[in-house]
$ cat model.tsv   # TSV, C-alpha atoms
chain	number	residue	atom	x	y	z
E	281	MET	CA	110.97	84.07	107.45
E	282	ILE	CA	109.08	82.64	104.48
E	283	ASN	CA	109.78	84.60	101.32
E	284	ARG	CA	106.37	85.31	99.80
E	285	SER	CA	106.59	85.82	96.05
E	286	ASP	CA	103.43	87.96	96.00
E	287	ARG	CA	104.58	90.47	98.63
E	288	VAL	CA	107.14	93.24	98.73
E	289	GLN	CA	107.88	95.98	101.25
E	290	ILE	CA	108.24	99.56	100.09
E	291	TRP	CA	108.19	103.04	101.62
E	292	SER	CA	104.96	105.03	101.55
E	293	SER	CA	106.87	107.87	99.89
E	294	GLN	CA	107.84	105.46	97.11
E	295	LEU	CA	104.17	104.60	96.62
E	296	TRP	CA	103.17	108.26	96.49
E	297	ALA	CA	105.95	109.14	94.03
E	298	ASN	CA	105.13	106.31	91.56
E	299	ASP	CA	108.70	105.14	92.16
E	300	PHE	CA	108.39	101.69	90.60
E	301	PRO	CA	109.74	99.87	87.56
E	302	PRO	CA	107.26	99.95	84.64
E	303	VAL	CA	105.96	96.46	85.37
E	304	CYS	CA	102.25	95.80	85.92
E	305	ALA	CA	101.63	95.00	89.58
E	306	MET	CA	98.84	92.57	88.67
E	307	THR	CA	100.07	90.74	85.56
E	308	GLY	CA	103.83	91.30	85.41
E	309	ARG	CA	103.53	92.67	81.87
E	310	PRO	CA	104.93	96.04	80.74
E	311	ALA	CA	102.90	98.79	82.41
E	312	GLU	CA	100.71	101.06	80.30
E	313	THR	CA	99.23	103.35	82.94
E	314	TRP	CA	99.35	104.32	86.60
E	315	ARG	CA	96.39	103.88	88.92
E	316	LYS	CA	95.82	105.49	92.29
E	317	PHE	CA	95.30	103.21	95.29
E	318	LYS	CA	94.34	104.04	98.85
E	319	PHE	CA	95.42	101.52	101.47
E	320	SER	CA	94.52	101.52	105.17
E	321	THR	CA	95.30	99.13	108.00
E	322	PRO	CA	93.57	99.45	111.38
E	323	PRO	CA	95.43	98.21	114.47
E	324	ASP	CA	94.58	94.70	115.62
E	325	TRP	CA	92.86	95.93	118.78
E	326	ALA	CA	90.33	97.88	116.71
E	327	TYR	CA	88.61	94.67	115.62
E	328	ALA	CA	87.49	94.16	119.21
E	329	LEU	CA	85.09	97.02	118.53
E	330	LEU	CA	83.09	94.73	116.24
E	331	ALA	CA	80.87	94.29	119.29
E	332	LEU	CA	79.51	97.76	118.49
E	333	VAL	CA	77.82	96.27	115.41
E	334	CYS	CA	75.43	94.46	117.76
E	335	LEU	CA	73.99	97.85	118.70
E	336	GLY	CA	72.48	98.21	115.25
E	337	GLY	CA	72.85	101.04	112.77
E	338	LEU	CA	74.47	103.47	115.21
E	339	GLY	CA	76.92	100.77	116.26
E	340	VAL	CA	77.90	100.13	112.65
E	341	ILE	CA	78.48	103.85	112.10
E	342	ALA	CA	80.51	104.15	115.31
E	343	PHE	CA	82.63	101.14	114.33
E	344	ALA	CA	83.29	102.55	110.86
E	345	VAL	CA	84.24	105.97	112.26
E	346	VAL	CA	86.66	104.54	114.83
E	347	MET	CA	88.28	102.25	112.26
E	348	ALA	CA	88.74	105.18	109.90
E	349	LEU	CA	90.28	107.37	112.61
E	350	VAL	CA	92.83	104.86	113.93
E	351	ALA	CA	93.88	103.20	110.66
E	352	GLN	CA	97.36	103.65	109.23
E	353	ARG	CA	97.03	105.04	105.70
E	354	ALA	CA	99.09	105.20	102.54
E	355	THR	CA	98.08	106.57	99.16
E	356	GLY	CA	99.87	106.40	95.86
E	357	PHE	CA	100.11	104.89	92.42
E	358	LEU	CA	100.92	101.45	91.05
E	359	PRO	CA	101.85	100.57	87.46
E	360	LEU	CA	99.21	98.54	85.62
E	361	THR	CA	98.20	97.52	82.15
E	362	LYS	CA	95.03	99.13	80.83
E	363	ALA	CA	93.25	95.78	81.11
E	364	SER	CA	94.29	95.43	84.75
E	365	SER	CA	93.12	98.95	85.50
E	366	SER	CA	89.73	98.09	83.98
E	367	THR	CA	89.59	94.96	86.14
E	368	VAL	CA	90.19	97.05	89.27
E	369	THR	CA	87.43	99.43	88.19
E	370	LEU	CA	84.96	96.58	87.74
E	371	ALA	CA	85.98	94.92	91.01
E	372	THR	CA	85.38	98.23	92.79
E	373	TRP	CA	82.20	99.53	91.21
E	374	ILE	CA	80.17	96.36	90.63
E	375	PRO	CA	80.00	95.53	94.38
E	376	SER	CA	79.33	99.19	95.16
E	377	GLY	CA	76.52	99.25	92.61
E	378	LEU	CA	75.00	96.09	94.06
E	379	LEU	CA	75.08	97.56	97.57
E	380	ILE	CA	73.51	100.82	96.44
E	381	GLY	CA	70.89	98.94	94.43
E	382	GLY	CA	70.11	96.68	97.38
E	383	PHE	CA	69.49	99.56	99.76
E	384	ALA	CA	67.44	101.34	97.09
E	385	LEU	CA	65.22	98.26	96.77
E	386	TRP	CA	64.83	98.14	100.54
E	387	LEU	CA	63.75	101.77	100.50
E	388	LEU	CA	61.28	100.99	97.72
E	389	ALA	CA	59.92	98.05	99.72
E	390	LEU	CA	59.43	100.29	102.75
E	391	VAL	CA	57.66	103.00	100.77
E	392	VAL	CA	55.35	100.51	99.05
E	393	ALA	CA	54.57	98.68	102.29
E	394	LEU	CA	53.65	101.90	104.09
E	395	SER	CA	51.66	103.41	101.24
E	396	THR	CA	48.97	100.77	100.87
E	397	ASN	CA	47.60	97.51	102.25
E	398	ASP	CA	46.88	96.09	98.80
E	399	SER	CA	47.96	92.46	98.39
E	400	THR	CA	49.73	93.18	95.11
E	401	ALA	CA	51.66	96.04	96.68
E	402	SER	CA	52.59	93.81	99.61
E	403	ALA	CA	53.92	91.20	97.18
E	404	VAL	CA	55.95	93.87	95.38
E	405	ALA	CA	57.34	95.07	98.70
E	406	GLY	CA	58.24	91.53	99.71
E	407	TRP	CA	60.02	90.77	96.46
E	408	SER	CA	61.81	94.12	96.56
E	409	PHE	CA	63.09	93.36	100.04
E	410	PHE	CA	64.20	89.85	99.03
E	411	VAL	CA	65.96	90.95	95.84
E	412	GLY	CA	67.54	93.84	97.74
E	413	LEU	CA	68.87	91.39	100.31
E	414	LEU	CA	70.41	89.28	97.54
E	415	PHE	CA	72.01	92.40	96.04
E	416	ILE	CA	73.49	93.39	99.41
E	417	ILE	CA	74.85	89.90	100.08
E	418	ALA	CA	76.37	89.76	96.60
E	419	GLY	CA	77.84	93.24	97.03
E	420	LEU	CA	79.41	92.34	100.37
E	421	ILE	CA	80.88	89.14	98.93
E	422	GLY	CA	82.28	91.09	96.01
E	423	ARG	CA	83.68	93.80	98.27
E	424	LEU	CA	85.10	91.64	101.04
E	425	VAL	CA	86.01	88.41	99.22
E	426	VAL	CA	86.31	88.81	95.45
E	427	LYS	CA	88.02	92.21	95.27
E	428	PRO	CA	90.82	91.30	97.73
E	429	LEU	CA	91.54	88.20	95.64
E	430	ILE	CA	91.80	90.21	92.41
E	431	CYS	CA	93.29	93.58	93.34
E	432	PRO	CA	96.54	94.55	95.06
E	433	ARG	CA	96.30	94.85	98.83
E	434	ALA	CA	98.66	96.34	101.39
E	435	LYS	CA	99.49	96.34	105.07
E	436	VAL	CA	100.44	99.83	106.22
E	437	MET	CA	102.72	99.77	109.25
E	438	GLU	CA	103.27	102.42	111.88
E	439	ALA	CA	106.18	104.78	111.33
E	440	ALA	CA	109.25	103.83	113.34
E	441	PRO	CA	110.42	106.25	116.05
E	442	GLY	CA	112.31	109.11	114.44
E	443	GLN	CA	111.00	108.25	110.98
E	444	ASN	CA	108.49	110.31	109.02
E	445	ASP	CA	108.05	107.62	106.39
E	446	ARG	CA	106.37	104.29	106.98
E	447	ILE	CA	106.70	100.81	105.52
E	448	VAL	CA	103.95	99.50	103.26
E	449	GLU	CA	103.85	95.81	102.46
E	450	LEU	CA	102.21	95.34	99.09
E	451	ARG	CA	100.35	92.04	98.87
E	452	ASN	CA	98.66	90.01	96.16
E	453	VAL	CA	100.95	91.48	93.50
E	454	ASN	CA	102.56	89.63	90.60
E	455	PRO	CA	105.91	87.90	91.32
E	456	ALA	CA	107.47	89.62	88.29
E	457	PHE	CA	106.56	92.99	89.80
E	458	VAL	CA	108.00	91.89	93.16
E	459	THR	CA	111.26	90.83	91.51
E	460	ALA	CA	111.52	94.09	89.57
E	461	VAL	CA	110.93	96.19	92.70
E	462	ARG	CA	113.49	94.25	94.72
E	463	HIS	CA	116.09	94.55	91.98
E	464	SER	CA	115.44	98.29	91.85
E	465	GLN	CA	115.85	98.55	95.63
E	466	GLN	CA	119.08	96.56	95.56
E	467	ALA	CA	120.50	98.64	92.72
E	468	ARG	CA	119.64	101.86	94.53
E	469	ALA	CA	121.17	100.61	97.78
E	470	ALA	CA	124.36	99.66	95.96
E	471	GLN	CA	124.47	103.04	94.23
E	472	PHE	CA	124.03	105.18	97.31
E	473	GLY	CA	125.90	102.95	99.73
E	474	GLN	CA	124.72	103.14	103.31
E	475	ALA	CA	121.07	104.10	103.50
E	476	THR	CA	119.84	106.79	105.82
E	477	ARG	CA	116.82	104.68	106.68
E	478	PRO	CA	116.72	101.13	108.08
E	479	PRO	CA	116.64	98.41	105.39
E	480	LEU	CA	113.34	96.84	104.49
E	481	MET	CA	112.86	93.32	105.80
E	482	GLN	CA	111.31	91.37	102.93
E	483	GLN	CA	108.97	88.55	103.81
$ encode --input "model.tsv" --output "structure tokens"
Amino acid sequence: MINRSDRVQIWSSQLWANDFPPVCAMTGRPAETWRKFKFSTPPDWAYALLALVCLGGLGVIAFAVVMALVAQRATGFLPLTKASSSTVTLATWIPSGLLIGGFALWLLALVVALSTNDSTASAVAGWSFFVGLLFIIAGLIGRLVVKPLICPRAKVMEAAPGQNDRIVELRNVNPAFVTAVRHSQQARAAQFGQATRPPLMQQ
């Protein structure tokens, strides 16, 4: 397998317990704080349900509910610098703010359009709808494209038979963090000898 320098496999219990070397997961610098992350990975077959989106608003809601119910989840903390934590905050809330603002402008456009037939009001409604559309597109790009390129991601795998813990593959993390985590895992394995759980297969 190709050894990816920006990926490392850990246990979900390790993520929850903050059990990492004090190395920033995003920059590789000494960590200054811990930040909570929530990772989820739906099974591959769930994406076939994208067809529900064609049904409109109810289809989108149904798709989101199903994806949330069947996804494998892991929650915990990663070491970051304060600057990296601020970057994660901006990458999370700016797209969310754009999406909220876009839908608010659409609501304004609807209210104005229904309240009067005045030409000026119609122009305001039209511009509100157009600007709202731009906000929503920008928010989706930020949420689905920009944030995954900036922030740590993870693939959460199903728990193996007989195991309560599950493997989480951290992705888009700094190579220095990956190296520090692997060294920590190797040192722990050497200290305790034979592990009670199967070894992690690093990719």
$ closest_residue --input "model.tsv" --among "E:Val392, E:Val461, E:Leu413, E:Leu358" --to "Arg433 (chain E)" --atoms "all atoms listed in the file"
E:Leu358
$ closest_residue --input "model.tsv" --among "E:Lys316, E:Arg468, E:Arg423, E:Arg451" --to "Gly377 (chain E)" --atoms "all atoms listed in the file"
E:Arg423
$ residues_around --input "model.tsv" --residues "region 290-304 of chain E" --least-positions-apart "3" --cutoff "9 Å" --atoms "all atoms listed in the file" --output "PyMOL selection string"
chain E and resi 307-314+316+353-361+364+436+445-450+453-454+456-457+460-461+464-465+480
$ residues_around --input "model.tsv" --residues "Ala401 (chain E)" --least-positions-apart "5" --cutoff "12 Å" --atoms "all atoms listed in the file" --output "PyMOL selection string"
chain E and resi 388-396+406-408
$ atom_distance --input "model.tsv" --atom1 "CA of His463 (chain E)" --atom2 "CA of Thr367 (chain E)"
27.1 Å
